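S.K.: For reference, the file coords-v9.txt (compact mmCIF, C-alpha atoms) is included below:
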# COMPACT_ATOMS: atom_id res chain seq x y z
CA MET A 2 -50.35 -4.69 32.08
CA ILE A 3 -47.98 -7.07 33.90
CA GLU A 4 -45.96 -7.57 30.68
CA SER A 5 -45.43 -3.80 30.40
CA VAL A 6 -44.29 -3.60 34.03
CA ILE A 7 -41.80 -6.49 33.54
CA LEU A 8 -40.48 -4.90 30.33
CA ILE A 9 -40.05 -1.41 31.80
CA ALA A 10 -38.49 -2.78 35.02
CA SER A 11 -36.08 -4.97 33.01
CA ALA A 12 -35.11 -2.06 30.75
CA PHE A 13 -34.52 0.20 33.76
CA LEU A 14 -32.47 -2.46 35.57
CA LEU A 15 -30.42 -3.15 32.45
CA LEU A 16 -29.56 0.53 31.99
CA VAL A 17 -28.69 1.12 35.65
CA ILE A 18 -26.65 -2.08 36.04
CA THR A 19 -24.80 -1.44 32.75
CA LEU A 20 -23.70 1.97 34.05
CA TRP A 21 -22.71 0.40 37.39
CA LYS A 22 -20.80 -2.49 35.77
CA ARG A 23 -18.76 -0.06 33.68
CA LYS A 24 -17.16 1.19 36.89
CA SER A 25 -16.72 -2.11 38.74
CA SER A 26 -15.23 -5.37 37.52
CA ALA A 27 -17.56 -8.31 37.01
CA LYS A 28 -17.39 -11.60 38.91
CA ILE A 29 -18.96 -14.44 36.98
CA ARG A 30 -18.97 -18.15 37.76
CA GLU A 31 -16.92 -20.47 35.58
CA ILE A 32 -18.74 -22.32 32.79
CA ALA A 33 -16.55 -25.12 31.44
CA ALA A 34 -17.85 -24.81 27.86
CA LEU A 35 -17.15 -21.07 27.70
CA THR A 36 -13.70 -21.44 29.26
CA HIS A 37 -12.98 -24.02 26.57
CA LEU A 38 -14.37 -21.70 23.88
CA TYR A 39 -12.09 -18.90 25.07
CA ARG A 40 -9.06 -21.23 24.86
CA VAL A 41 -10.06 -22.61 21.45
CA LEU A 42 -10.40 -19.07 20.12
CA GLY A 43 -6.77 -18.30 20.98
CA LEU A 44 -5.51 -21.65 19.68
CA SER A 45 -7.21 -21.34 16.29
CA VAL A 46 -5.45 -18.00 15.64
CA GLU A 47 -2.09 -19.43 16.74
CA ASP A 48 -2.20 -22.62 14.67
CA GLY A 49 -3.74 -20.97 11.59
CA THR A 50 -6.94 -22.97 11.50
CA ARG A 51 -10.46 -21.80 10.96
CA MET A 52 -13.39 -21.47 13.36
CA HIS A 53 -16.85 -22.26 12.08
CA VAL A 54 -19.70 -20.46 13.81
CA SER A 55 -23.03 -22.17 13.09
CA LEU A 56 -25.93 -19.85 13.83
CA GLY A 57 -28.69 -22.41 13.26
CA SER A 58 -31.91 -21.96 11.39
CA GLY A 59 -33.70 -19.60 13.77
CA SER A 60 -35.76 -16.80 12.30
CA LEU A 61 -35.67 -13.29 13.66
CA PHE A 62 -39.42 -13.00 12.98
CA ASN A 63 -40.57 -15.16 15.87
CA ALA A 64 -40.13 -15.34 19.64
CA ARG A 65 -37.06 -17.59 19.30
CA GLY A 66 -35.01 -14.90 17.54
CA GLY A 67 -33.17 -14.20 20.80
CA SER A 68 -30.84 -17.18 20.37
CA ALA A 69 -29.93 -15.98 16.85
CA LEU A 70 -29.14 -12.51 18.23
CA ALA A 71 -27.00 -14.08 20.99
CA GLY A 72 -25.14 -16.07 18.31
CA LEU A 73 -24.54 -12.89 16.30
CA ALA A 74 -23.22 -11.07 19.40
CA MET A 75 -20.72 -13.90 19.88
CA LEU A 76 -19.82 -13.95 16.18
CA ARG A 77 -18.98 -10.24 16.36
CA HIS A 78 -16.26 -10.92 18.96
CA ILE A 79 -14.96 -14.08 17.33
CA ALA A 80 -14.68 -12.18 14.02
CA GLU A 81 -12.75 -9.35 15.65
CA ARG A 82 -10.31 -11.71 17.33
CA THR A 83 -9.75 -14.05 14.39
CA SER A 84 -9.82 -11.49 11.56
CA VAL A 85 -6.03 -11.40 11.27
CA SER A 86 -5.73 -15.20 11.25
CA ASP A 87 -4.46 -16.99 8.12
CA LYS A 88 -7.81 -18.73 8.01
CA PRO A 89 -10.55 -16.31 9.04
CA SER A 90 -13.70 -17.55 10.74
CA VAL A 91 -16.66 -18.73 8.70
CA ALA A 92 -20.29 -18.26 9.76
CA SER A 93 -23.19 -20.30 8.43
CA ALA A 94 -26.91 -19.65 8.81
CA GLY A 95 -30.07 -21.52 7.88
CA ASP A 96 -32.13 -18.39 7.41
CA ALA A 97 -31.62 -15.74 4.74
CA VAL A 98 -32.01 -12.72 7.05
CA LEU A 99 -29.69 -14.31 9.59
CA GLY A 100 -27.18 -14.96 6.79
CA LEU A 101 -27.18 -11.29 5.80
CA LEU A 102 -26.78 -10.22 9.42
CA ALA A 103 -23.92 -12.71 9.82
CA GLN A 104 -22.11 -11.06 6.88
CA ASP A 105 -22.71 -7.62 8.36
CA THR A 106 -21.56 -8.76 11.79
CA LEU A 107 -18.38 -10.33 10.38
CA GLN A 108 -17.63 -7.11 8.50
CA ALA A 109 -18.16 -5.09 11.72
CA GLY A 110 -15.68 -7.39 13.49
CA TYR A 111 -13.08 -6.79 10.77
CA GLN A 112 -13.70 -3.03 10.95
CA ALA A 113 -13.21 -3.08 14.72
CA ALA A 114 -9.91 -4.94 14.26
CA GLY A 115 -8.83 -2.33 11.67
CA VAL A 116 -8.51 -4.84 8.83
CA GLU A 117 -11.71 -4.29 6.87
CA GLU A 118 -9.84 -4.88 3.58
CA LEU A 119 -9.32 -8.53 4.59
CA TYR A 120 -13.07 -9.19 4.86
CA VAL A 121 -14.47 -11.61 2.27
CA SER A 122 -18.24 -11.65 1.91
CA THR A 123 -18.38 -15.42 1.33
CA THR A 124 -17.22 -16.07 4.90
CA GLY A 125 -20.85 -15.42 5.92
CA ARG A 126 -23.02 -18.05 4.25
CA VAL A 127 -26.54 -19.31 3.93
CA THR A 128 -26.11 -23.07 3.56
CA GLY A 129 -29.78 -24.05 3.33
CA LEU A 130 -33.23 -22.76 4.07
CA SER A 131 -34.69 -25.77 5.92
CA PRO A 132 -33.18 -27.24 9.13
CA PHE A 133 -31.92 -30.43 7.41
CA GLY A 134 -30.83 -28.54 4.29
CA TYR A 135 -28.88 -26.16 6.51
CA ALA A 136 -27.25 -29.03 8.42
CA ALA A 137 -26.29 -30.83 5.19
CA GLY A 138 -24.65 -27.65 3.84
CA ALA A 139 -22.89 -26.74 7.09
CA MET A 140 -21.47 -30.29 7.53
CA ASN A 141 -19.46 -29.66 4.39
CA ILE A 142 -17.63 -26.71 6.00
CA SER A 143 -16.28 -28.84 8.86
CA ARG A 144 -15.06 -31.45 6.38
CA ASN A 145 -13.39 -29.35 3.70
CA GLU A 146 -12.23 -26.03 5.10
CA ASN A 147 -9.49 -26.79 7.64
CA VAL A 148 -11.77 -26.06 10.59
CA SER A 149 -10.45 -26.63 14.12
CA ALA A 150 -13.56 -25.69 16.08
CA ASN A 151 -17.26 -25.74 15.36
CA ILE A 152 -19.22 -23.33 17.55
CA LEU A 153 -22.93 -24.05 17.32
CA ILE A 154 -24.96 -21.26 18.86
CA GLY A 155 -28.55 -20.51 17.87
CA ARG A 156 -31.68 -22.49 17.15
CA PHE A 157 -30.97 -26.15 16.44
CA GLY A 158 -33.32 -29.11 16.53
CA PRO A 159 -32.37 -32.80 16.24
CA GLU A 160 -30.55 -32.07 12.95
CA VAL A 161 -27.65 -30.71 15.03
CA ALA A 162 -26.56 -34.35 15.52
CA LEU A 163 -25.51 -34.43 11.85
CA LEU A 164 -23.29 -31.37 12.42
CA THR A 165 -21.70 -32.71 15.61
CA ASP A 166 -21.14 -36.11 13.99
CA ALA A 167 -19.38 -34.45 11.03
CA SER A 168 -17.21 -32.49 13.51
CA ASP A 169 -16.43 -35.67 15.42
CA ARG A 170 -15.34 -37.51 12.28
CA GLU A 171 -12.89 -34.70 11.40
CA ASN A 172 -11.62 -34.36 15.02
CA VAL A 173 -13.06 -30.86 15.14
CA ILE A 174 -13.93 -29.50 18.59
CA ALA A 175 -17.65 -28.85 18.90
CA ILE A 176 -19.15 -26.49 21.48
CA GLY A 177 -22.91 -26.14 21.29
CA ALA A 178 -25.92 -24.27 22.61
CA SER A 179 -29.50 -24.23 21.45
CA ASP A 180 -32.72 -22.68 22.73
CA ASP A 181 -34.62 -25.79 21.63
CA LEU A 182 -35.05 -28.55 24.23
CA VAL A 183 -34.54 -31.38 21.72
CA GLY A 184 -31.46 -29.62 20.34
CA GLN A 185 -30.06 -29.23 23.86
CA SER A 186 -30.46 -32.91 24.68
CA VAL A 187 -28.89 -33.93 21.37
CA LEU A 188 -25.97 -31.55 22.01
CA PHE A 189 -25.57 -32.98 25.53
CA ALA A 190 -25.18 -36.47 24.09
CA ASN A 191 -22.99 -35.43 21.15
CA THR A 192 -20.54 -32.78 22.30
CA GLN A 193 -17.83 -32.52 24.90
CA ASP A 194 -19.01 -29.06 25.99
CA VAL A 195 -22.59 -27.91 25.97
CA LEU A 196 -24.36 -24.81 27.22
CA ILE A 197 -27.71 -25.59 28.84
CA GLY A 198 -30.68 -23.22 28.92
CA GLU A 199 -29.90 -19.56 29.50
CA GLU A 200 -26.11 -20.19 29.45
CA LEU A 201 -26.53 -19.62 25.70
CA PHE A 202 -27.09 -15.94 26.43
CA ALA A 203 -23.98 -15.64 28.63
CA THR A 204 -21.40 -16.07 25.86
CA GLY A 205 -20.91 -12.31 25.31
CA ALA A 206 -20.18 -11.69 28.99
CA TYR A 207 -17.59 -14.48 29.08
CA LEU A 208 -15.88 -13.34 25.88
CA GLY A 209 -15.54 -9.78 27.24
CA ALA A 210 -18.18 -8.20 25.02
CA GLY A 211 -18.80 -5.35 27.45
CA ALA A 212 -20.69 -4.13 30.47
CA SER A 213 -24.13 -4.51 28.89
CA HIS A 214 -23.62 -8.28 28.52
CA VAL A 215 -22.56 -8.66 32.17
CA ALA A 216 -25.47 -6.43 33.22
CA SER A 217 -27.94 -8.58 31.29
CA LEU A 218 -26.74 -11.63 33.27
CA THR A 219 -27.44 -9.77 36.52
CA VAL A 220 -30.89 -8.71 35.24
CA GLN A 221 -31.62 -12.34 34.31
CA ASP A 222 -30.61 -13.43 37.83
CA ILE A 223 -32.88 -10.81 39.43
CA LEU A 224 -35.81 -11.78 37.20
CA ARG A 225 -35.17 -15.47 37.88
CA TRP A 226 -35.39 -14.89 41.64
CA LEU A 227 -38.64 -12.95 41.12
CA VAL A 228 -40.06 -15.88 39.09
CA ILE A 229 -38.98 -18.33 41.85
CA LEU A 230 -40.63 -16.16 44.52
CA ALA A 231 -43.80 -15.85 42.40
CA LEU A 232 -43.94 -19.63 41.90
CA LEU A 233 -43.39 -20.34 45.62
CA GLY A 234 -45.87 -17.62 46.59
CA GLY A 235 -48.45 -19.04 44.17
CA ALA A 236 -47.93 -22.57 45.50
CA PHE A 237 -48.27 -21.35 49.10
CA ALA A 238 -51.38 -19.31 48.29
CA LYS A 239 -52.94 -22.33 46.58
CA PHE A 240 -52.01 -24.55 49.53
CA ALA A 241 -53.51 -22.05 51.99
CA GLY A 242 -56.69 -21.78 49.90
CA LEU A 243 -56.16 -18.09 49.13
CA ILE A 244 -56.47 -18.58 45.36
CA MET B 206 -24.51 6.81 8.18
CA ARG B 207 -23.90 4.28 10.95
CA VAL B 208 -25.65 6.52 13.50
CA PHE B 209 -28.56 6.86 11.07
CA ALA B 210 -28.90 3.04 10.87
CA VAL B 211 -28.83 2.75 14.66
CA VAL B 212 -31.51 5.44 15.06
CA ILE B 213 -33.76 3.77 12.44
CA ALA B 214 -33.35 0.36 14.13
CA ILE B 215 -34.07 1.69 17.64
CA VAL B 216 -37.07 3.80 16.56
CA SER B 217 -38.54 0.91 14.52
CA GLY B 218 -38.07 -1.47 17.46
CA LEU B 219 -39.73 0.95 19.88
CA LEU B 220 -42.65 1.54 17.51
CA VAL B 221 -43.27 -2.20 17.04
CA LEU B 222 -42.99 -2.78 20.79
CA GLY B 223 -45.28 0.22 21.42
CA GLY B 224 -47.84 -1.39 19.10
CA TYR B 225 -48.06 -4.34 21.50
CA PHE B 226 -48.12 -2.50 24.80
CA LEU B 227 -49.49 0.99 24.15
CA GLN B 228 -52.22 0.30 21.58
CA GLY B 229 -54.88 1.23 24.17
CA PHE B 230 -53.41 4.71 24.56
CA PHE B 231 -52.24 5.30 20.97
CA PRO B 232 -54.35 3.28 18.48
CA VAL B 233 -52.27 4.65 15.59
CA LEU B 234 -49.36 2.51 16.79
CA ILE B 235 -51.19 -0.63 15.56
CA ASN B 236 -51.15 0.70 11.98
CA VAL B 237 -47.50 1.70 12.27
CA GLN B 238 -46.63 -1.72 13.69
CA THR B 239 -48.49 -3.54 10.89
CA LEU B 240 -46.78 -1.36 8.26
CA LEU B 241 -43.30 -1.98 9.70
CA LEU B 242 -43.89 -5.73 10.00
CA THR B 243 -45.16 -5.86 6.39
CA TRP B 244 -41.99 -4.10 5.23
CA ALA B 245 -39.94 -6.57 7.27
CA ILE B 246 -41.68 -9.53 5.60
CA ILE B 247 -41.07 -8.07 2.11
CA LEU B 248 -37.40 -7.47 2.99
CA ALA B 249 -37.12 -11.05 4.31
CA GLY B 250 -38.42 -12.30 0.94
CA ALA B 251 -35.76 -10.25 -0.84
CA ALA B 252 -33.17 -11.55 1.65
CA ALA B 253 -34.06 -15.13 0.63
CA LEU B 254 -33.03 -14.27 -2.94
CA VAL B 255 -29.80 -12.69 -1.68
CA GLY B 256 -29.22 -15.84 0.40
CA VAL B 257 -29.61 -18.06 -2.66
CA PHE B 258 -27.23 -15.77 -4.59
CA ASN B 259 -24.74 -16.08 -1.71
CA LEU B 260 -25.06 -19.90 -1.86
CA ILE B 261 -24.33 -19.83 -5.61
CA THR B 262 -21.32 -17.50 -5.12
CA VAL B 263 -19.81 -19.75 -2.42
CA HIS B 264 -20.21 -22.90 -4.51
CA THR B 265 -19.04 -21.38 -7.83
CA ASP B 266 -15.92 -20.17 -5.95
CA LYS B 267 -15.35 -23.75 -4.78
CA ILE B 268 -15.71 -25.07 -8.33
CA ARG B 269 -13.33 -22.41 -9.68
CA ARG B 270 -10.68 -23.23 -7.06
CA ARG B 271 -11.25 -26.99 -7.55
CA GLU B 272 -11.57 -27.54 -3.84
CA PRO B 273 -12.29 -31.03 -2.44
CA GLY B 274 -15.96 -31.87 -2.96
CA SER B 275 -16.38 -29.35 -5.77
CA ILE B 276 -18.31 -31.95 -7.78
CA TYR B 277 -21.11 -31.66 -5.19
CA SER B 278 -20.95 -27.87 -5.51
CA ALA B 279 -21.35 -28.21 -9.28
CA LEU B 280 -24.36 -30.50 -8.84
CA LEU B 281 -25.88 -28.08 -6.35
CA VAL B 282 -25.50 -25.08 -8.70
CA ILE B 283 -26.88 -26.99 -11.72
CA PHE B 284 -29.94 -28.33 -9.90
CA LEU B 285 -30.55 -25.06 -8.06
CA ALA B 286 -30.57 -23.13 -11.35
CA ALA B 287 -32.74 -25.78 -13.07
CA THR B 288 -35.29 -25.83 -10.23
CA PHE B 289 -35.34 -22.02 -10.05
CA PHE B 290 -35.97 -21.53 -13.77
CA LEU B 291 -38.48 -24.40 -13.97
CA GLY B 292 -40.32 -22.85 -11.02
CA LEU B 293 -40.35 -19.45 -12.71
CA VAL B 294 -41.63 -20.83 -16.02
CA LEU B 295 -44.00 -23.57 -14.84
CA ARG B 296 -45.04 -22.06 -11.47
CA PRO B 297 -44.71 -24.01 -8.18
CA GLU B 298 -48.16 -25.69 -8.55
CA HIS B 299 -47.17 -27.45 -11.81
CA MET B 300 -46.99 -31.27 -11.76
CA ILE B 301 -43.25 -31.35 -12.53
CA MET B 302 -42.49 -28.99 -9.65
CA ARG B 303 -44.66 -31.09 -7.32
CA THR B 304 -42.80 -34.20 -8.46
CA VAL B 305 -39.47 -32.50 -7.69
CA MET B 306 -40.77 -31.60 -4.23
CA ASN B 307 -42.41 -34.96 -3.41
CA GLY B 308 -39.90 -37.15 -5.22
CA VAL B 309 -36.60 -35.51 -4.26
CA ILE B 310 -36.74 -32.95 -1.46
CA ILE B 311 -39.09 -34.79 0.94
CA PRO B 312 -37.39 -38.23 0.54
CA VAL B 313 -33.93 -36.64 0.97
CA GLU B 314 -35.02 -34.92 4.20
CA ALA B 315 -36.63 -38.17 5.37
CA ALA B 316 -33.38 -40.02 4.60
CA LEU B 317 -31.45 -37.48 6.67
CA MET B 318 -33.95 -38.05 9.50
CA GLY B 319 -33.27 -41.81 9.25
CA LEU B 320 -29.54 -41.15 9.31
CA LEU B 321 -30.11 -39.04 12.39
CA THR B 322 -31.62 -42.00 14.27
CA ILE B 323 -28.45 -44.03 13.76
CA THR B 324 -26.27 -41.01 14.60
CA LEU B 325 -28.13 -40.45 17.88
CA LEU B 326 -27.93 -44.12 18.83
CA TYR B 327 -24.20 -44.09 18.11
CA ALA B 328 -23.79 -40.89 20.15
CA ALA B 329 -25.64 -42.42 23.12
CA ILE B 330 -23.34 -45.47 23.01
CA ARG B 331 -20.26 -43.23 22.98
CA LEU B 332 -21.53 -40.78 25.60
CA LEU B 333 -19.80 -42.49 28.52
CA ARG B 334 -16.50 -42.56 26.67
CA ARG B 335 -16.81 -38.84 25.91
CA ARG B 336 -18.01 -37.67 29.31
CA ALA B 337 -18.01 -40.27 32.09
CA ASP B 338 -19.81 -38.39 34.86
CA MET B 339 -22.95 -38.78 36.95
CA MET B 340 -25.10 -36.64 34.62
CA SER B 341 -24.22 -38.81 31.62
CA ILE B 342 -25.19 -41.96 33.55
CA VAL B 343 -28.48 -40.36 34.65
CA PHE B 344 -29.12 -39.22 31.05
CA LEU B 345 -28.60 -42.70 29.63
CA VAL B 346 -30.58 -44.53 32.35
CA VAL B 347 -33.54 -42.12 32.00
CA ALA B 348 -33.45 -42.35 28.19
CA ALA B 349 -33.42 -46.18 28.39
CA LEU B 350 -36.29 -46.26 30.93
CA VAL B 351 -38.45 -43.86 28.90
CA ILE B 352 -37.84 -45.82 25.66
CA LEU B 353 -38.61 -49.14 27.35
CA GLY B 354 -41.66 -47.64 29.08
CA SER B 355 -43.15 -46.21 25.90
CA ALA B 356 -42.27 -49.06 23.50
CA THR B 357 -44.50 -52.09 22.96
CA LEU B 358 -42.37 -55.01 24.11
CA PRO B 359 -43.04 -58.42 22.52
CA PHE B 360 -44.16 -61.16 24.98
CA VAL B 361 -43.42 -58.92 27.97
CA ASN B 362 -45.60 -56.46 29.84
CA ILE B 363 -44.03 -54.51 32.66
CA PRO B 364 -46.82 -52.30 34.06
CA ILE B 365 -44.68 -50.38 36.58
CA LEU B 366 -42.23 -49.36 33.87
CA GLY B 367 -44.95 -47.59 31.82
CA THR B 368 -46.23 -45.68 34.87
CA PHE B 369 -42.69 -44.78 35.92
CA SER B 370 -41.83 -43.65 32.38
CA ARG B 371 -44.95 -41.44 32.26
CA TRP B 372 -44.09 -39.99 35.69
CA ILE B 373 -40.57 -39.14 34.47
CA THR B 374 -41.81 -37.41 31.28
CA GLN B 375 -44.86 -35.68 32.78
CA VAL B 376 -43.44 -34.60 36.14
CA LEU B 377 -39.63 -34.52 36.20
CA ALA B 378 -38.94 -33.75 32.53
CA LEU B 379 -41.84 -31.30 32.19
CA GLY B 380 -40.75 -29.39 35.31
CA GLY B 381 -37.15 -29.26 34.11
CA ALA B 382 -38.23 -28.24 30.60
CA ARG B 383 -40.33 -25.38 31.98
CA GLY B 384 -37.38 -24.21 34.09
CA ILE B 385 -35.08 -24.22 31.06
CA LEU B 386 -37.68 -22.42 28.91
CA ILE B 387 -38.16 -19.72 31.58
CA GLY B 388 -34.37 -19.21 31.60
CA VAL B 389 -34.32 -19.00 27.78
CA ALA B 390 -37.22 -16.51 27.82
CA LEU B 391 -35.38 -14.28 30.32
CA GLY B 392 -32.23 -14.46 28.20
CA THR B 393 -34.23 -13.57 25.08
CA LEU B 394 -35.78 -10.60 26.90
CA THR B 395 -32.44 -9.11 27.95
CA THR B 396 -30.84 -9.82 24.55
CA GLY B 397 -33.76 -8.07 22.83
CA LEU B 398 -33.41 -5.09 25.17
CA ARG B 399 -29.68 -4.85 24.41
CA VAL B 400 -30.46 -4.71 20.68
CA LEU B 401 -33.22 -2.17 21.32
CA PHE B 402 -30.83 0.08 23.25
CA GLY B 403 -28.22 -0.19 20.51
CA ALA B 404 -25.71 -1.94 22.80
CA ASP B 405 -25.65 -4.90 20.38
CA ARG B 406 -25.87 -3.97 16.71
CA PRO B 407 -26.20 -7.05 14.52
CA TYR B 408 -27.19 -4.76 11.64
CA GLY B 409 -23.61 -3.52 11.29
CA GLY B 410 -21.44 -0.97 13.00
CA ASN B 411 -19.18 -1.29 16.00
As structure tokens - that is how I would like this structure written.
M.R.:
Amino acid sequence: MIESVILIASAFLLLVITLWKRKSSAKIREIAALTHLYRVLGLSVEDGTRMHVSLGSGSLFNARGGSALAGLAMLRHIAERTSVSDKPSVASAGDAVLGLLAQDTLQAGYQAAGVEELYVSTTGRVTGLSPFGYAAGAMNISRNENVSANILIGRFGPEVALLTDASDRENVIAIGASDDLVGQSVLFANTQDVLIGEELFATGAYLGAGASHVASLTVQDILRWLVILALLGGAFAKFAGLI
Amino acid sequence: MRVFAVVIAIVSGLLVLGGYFLQGFFPVLINVQTLLLTWAIILAGAAALVGVFNLITVHTDKIRRREPGSIYSALLVIFLAATFFLGLVLRPEHMIMRTVMNGVIIPVEAALMGLLTITLLYAAIRLLRRRADMMSIVFLVVAALVILGSATLPFVNIPILGTFSRWITQVLALGGARGILIGVALGTLTTGLRVLFGADRPYGGN
């Protein structure tokens, strides 16, 4: 029952706030990693180098599919902005369904930029079907394909260290985010810029993906405050002997 | 056509979601949900084949263009094709296929895991050079305390360190981890809703 109420309330809030945000400009706090990502995006087009978007090995068939969807939303905008570059962006995935969606998302980005004829299907790749197999395949892209930035957004475990190490050896900028706690701590130790926790889901809003992305940040903030109040209320009730 | 795809995606998403939340009111939704999820699993199986085909296309392109490292691409294509056809003919339960799995794939993944240990140690050493701030110092000190507290030290027994290490992992780290996971869950919820409303369309279209 409570799950249904949370879902319906979130859906309602998302719709209302999206309509509201379309009319008013959004104010969002600065996140160093996303500011850097925005700058890197412009630089890669200017100096004719490639961006590699690693979507991780998350499956869309379990509860952790959200990070893969967030990665795809970001890929859509990176593809649109880099489609006219001499070296178009490459996306790699460690799951077959995610790989297909990456190809579709890249193509949609090219369509939006009006250069669909430039789209090459091999820019969206499945590099392996196990986490380590995926990492081994994706390391190769940083080494051999004139990549200037490696954007790692999705589900990554400890194997992400192999990817960041490969980026480091080639002087490739690495910006990472994972929904996995181990992956997050490895990214914290291995990259200059890391997105922690729910910052992973804020990339669309910071890249100007539209009002719905900004609205979802506001909905997350509202829900977070409700969770905080529920936790404090529960602690107080327990302390007072009410529950 | 694009509108058609969006409508199918949204209706399918709503039906599957309805199967979870409205099964008490509409029992038929359970059957619809099961049917849709079965179709999704079959399609995912087909997608795995497409993924392998994509892998072969990428690597044969590399071989054709004689890119750096194309020798590895050639090895990958040869062994992928050999394993695929052997698996088709002999079936995955056959002794040869088990030997390939236990003698090649598992040791290679274990070797990568070993490599990872060194990589992580190296990354920890370089962390302060990369990002010399308070959080990096805290990260390194906590990591060192937890390792020392959980490792069996020869000739030395520091009882307070073990208790302190357990307190860090079971109180501070667990609390922080739950906070991060709640944030990730909220982000997943809103991302899912955006896809359900058709605001984000990872299945193509603008």
S.K.: With a distance threshold of 6 Å and counting only C-alpha atoms, extract the residues of chain A near chain B and express them as a short mmCIF file (atom, residue, chain, number, x, y, z; two decimals) with C-alpha atoms, keeping the file's coordinate frame.
M.R.:
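Below is the file that was written, part10.cif:
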data_model
loop_
_atom_site.label_atom_id
_atom_site.label_comp_id
_atom_site.auth_asym_id
_atom_site.auth_seq_id
_atom_site.Cartn_x
_atom_site.Cartn_y
_atom_site.Cartn_z
CA GLY A 67 -33.17 -14.20 20.80
CA ALA A 97 -31.62 -15.74 4.74
CA VAL A 98 -32.01 -12.72 7.05
CA LEU A 102 -26.78 -10.22 9.42
CA ASP A 105 -22.71 -7.62 8.36
CA THR A 106 -21.56 -8.76 11.79
CA ALA A 109 -18.16 -5.09 11.72
CA THR A 123 -18.38 -15.42 1.33
CA VAL A 127 -26.54 -19.31 3.93
CA ALA A 190 -25.18 -36.47 24.09
CA ASN A 191 -22.99 -35.43 21.15
CA GLY A 198 -30.68 -23.22 28.92
CA GLU A 199 -29.90 -19.56 29.50
CA PHE A 202 -27.09 -15.94 26.43
CA SER A 217 -27.94 -8.58 31.29
CA GLN A 221 -31.62 -12.34 34.31
#
S.K.: Rounded to one decimal, what separation in Å do you get between CA of Val221 in chain B and CA of Val6 in chain A?
M.R.: 17.1 Å
S.K.: What does the distance between CA of Arg271 in chain B and CA of Leu164 in chain A come to in Å, to one decimal place?
M.R.: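 Going from CA of Arg271 in chain B over to CA of Leu164 in chain A covers 23.7 Å.
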S.K.: CA of His78 in chain A and CA of Val116 in chain A, how far apart in Å?
M.R.: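 CA of His78 in chain A lies at a distance of 14.1 Å from CA of Val116 in chain A.
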S.K.: Using all atoms listed in the file, determine which residues lie at most 7 Å from range 128-131 of chain A, disregarding the query and same-chain residues fewer than 6 positions distant; provide the list as a ChimeraX atom specification.
M.R.: /A:93-96,138-139 /B:260
S.K.: Counting all atoms listed in the file, which residues of range 164-227 of chain A fall within 8 Å of range 26-37 of chain A, and what is the closest atom pair for each with its distance in Å at one decimal, ordered by chain and rising number, as a tab-separated table?
M.R.:
residue	atom	partner	partner_atom	distance
A:Ile176	CA	A:Ala34	CA	6.7
A:Asp194	CA	A:Ala34	CA	4.8
A:Val195	CA	A:Ala34	CA	6.0
A:Leu196	CA	A:Ala34	CA	6.5
A:Thr204	CA	A:Leu35	CA	6.8
A:Tyr207	CA	A:Leu35	CA	6.7
A:Val215	CA	A:Ala27	CA	7.0
S.K.: Using the selection just defined, write its residues with C-alpha atoms as a PDB file, in the coordinates of the input.
M.R.:
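What landed in selection_34.pdb:
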ATOM      1  CA  ILE A 176     -19.150 -26.490  21.480  1.00  0.00           C
ATOM      2  CA  ASP A 194     -19.010 -29.060  25.990  1.00  0.00           C
ATOM      3  CA  VAL A 195     -22.590 -27.910  25.970  1.00  0.00           C
ATOM      4  CA  LEU A 196     -24.360 -24.810  27.220  1.00  0.00           C
ATOM      5  CA  THR A 204     -21.400 -16.070  25.860  1.00  0.00           C
ATOM      6  CA  TYR A 207     -17.590 -14.480  29.080  1.00  0.00           C
ATOM      7  CA  VAL A 215     -22.560  -8.660  32.170  1.00  0.00           C
TER       8      VAL A 215
END
S.K.: If we draw a sphere of 12 Å around (-37.6, 2.8, 15.9), which residues have at least one atom in it when counting all atoms listed in the file? Please report them as a ChimeraX atom specification.
M.R.: /B:209-224,234,237-238,241,400-403
S.K.: Name all residues at most 8 Å from range 147-155 of chain A (count all atoms listed in the file; drop same-chain ones fewer than 2 positions away) and give them as an MDAnalysis selection string.
M.R.: chainID A and resid 41 45 50:59 68:69 71:72 142:145 157 168 172:180 201
S.K.: Could you turn the residues from that selection into a file that holds C-alpha atoms, as a compact mmCIF listing (two decimals), in the frame of the given file?
M.R.:
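As written to disk, part.txt reads:
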# COMPACT_ATOMS: atom_id res chain seq x y z
CA VAL A 41 -10.06 -22.61 21.45
CA SER A 45 -7.21 -21.34 16.29
CA THR A 50 -6.94 -22.97 11.50
CA ARG A 51 -10.46 -21.80 10.96
CA MET A 52 -13.39 -21.47 13.36
CA HIS A 53 -16.85 -22.26 12.08
CA VAL A 54 -19.70 -20.46 13.81
CA SER A 55 -23.03 -22.17 13.09
CA LEU A 56 -25.93 -19.85 13.83
CA GLY A 57 -28.69 -22.41 13.26
CA SER A 58 -31.91 -21.96 11.39
CA GLY A 59 -33.70 -19.60 13.77
CA SER A 68 -30.84 -17.18 20.37
CA ALA A 69 -29.93 -15.98 16.85
CA ALA A 71 -27.00 -14.08 20.99
CA GLY A 72 -25.14 -16.07 18.31
CA ILE A 142 -17.63 -26.71 6.00
CA SER A 143 -16.28 -28.84 8.86
CA ARG A 144 -15.06 -31.45 6.38
CA ASN A 145 -13.39 -29.35 3.70
CA PHE A 157 -30.97 -26.15 16.44
CA SER A 168 -17.21 -32.49 13.51
CA ASN A 172 -11.62 -34.36 15.02
CA VAL A 173 -13.06 -30.86 15.14
CA ILE A 174 -13.93 -29.50 18.59
CA ALA A 175 -17.65 -28.85 18.90
CA ILE A 176 -19.15 -26.49 21.48
CA GLY A 177 -22.91 -26.14 21.29
CA ALA A 178 -25.92 -24.27 22.61
CA SER A 179 -29.50 -24.23 21.45
CA ASP A 180 -32.72 -22.68 22.73
CA LEU A 201 -26.53 -19.62 25.70
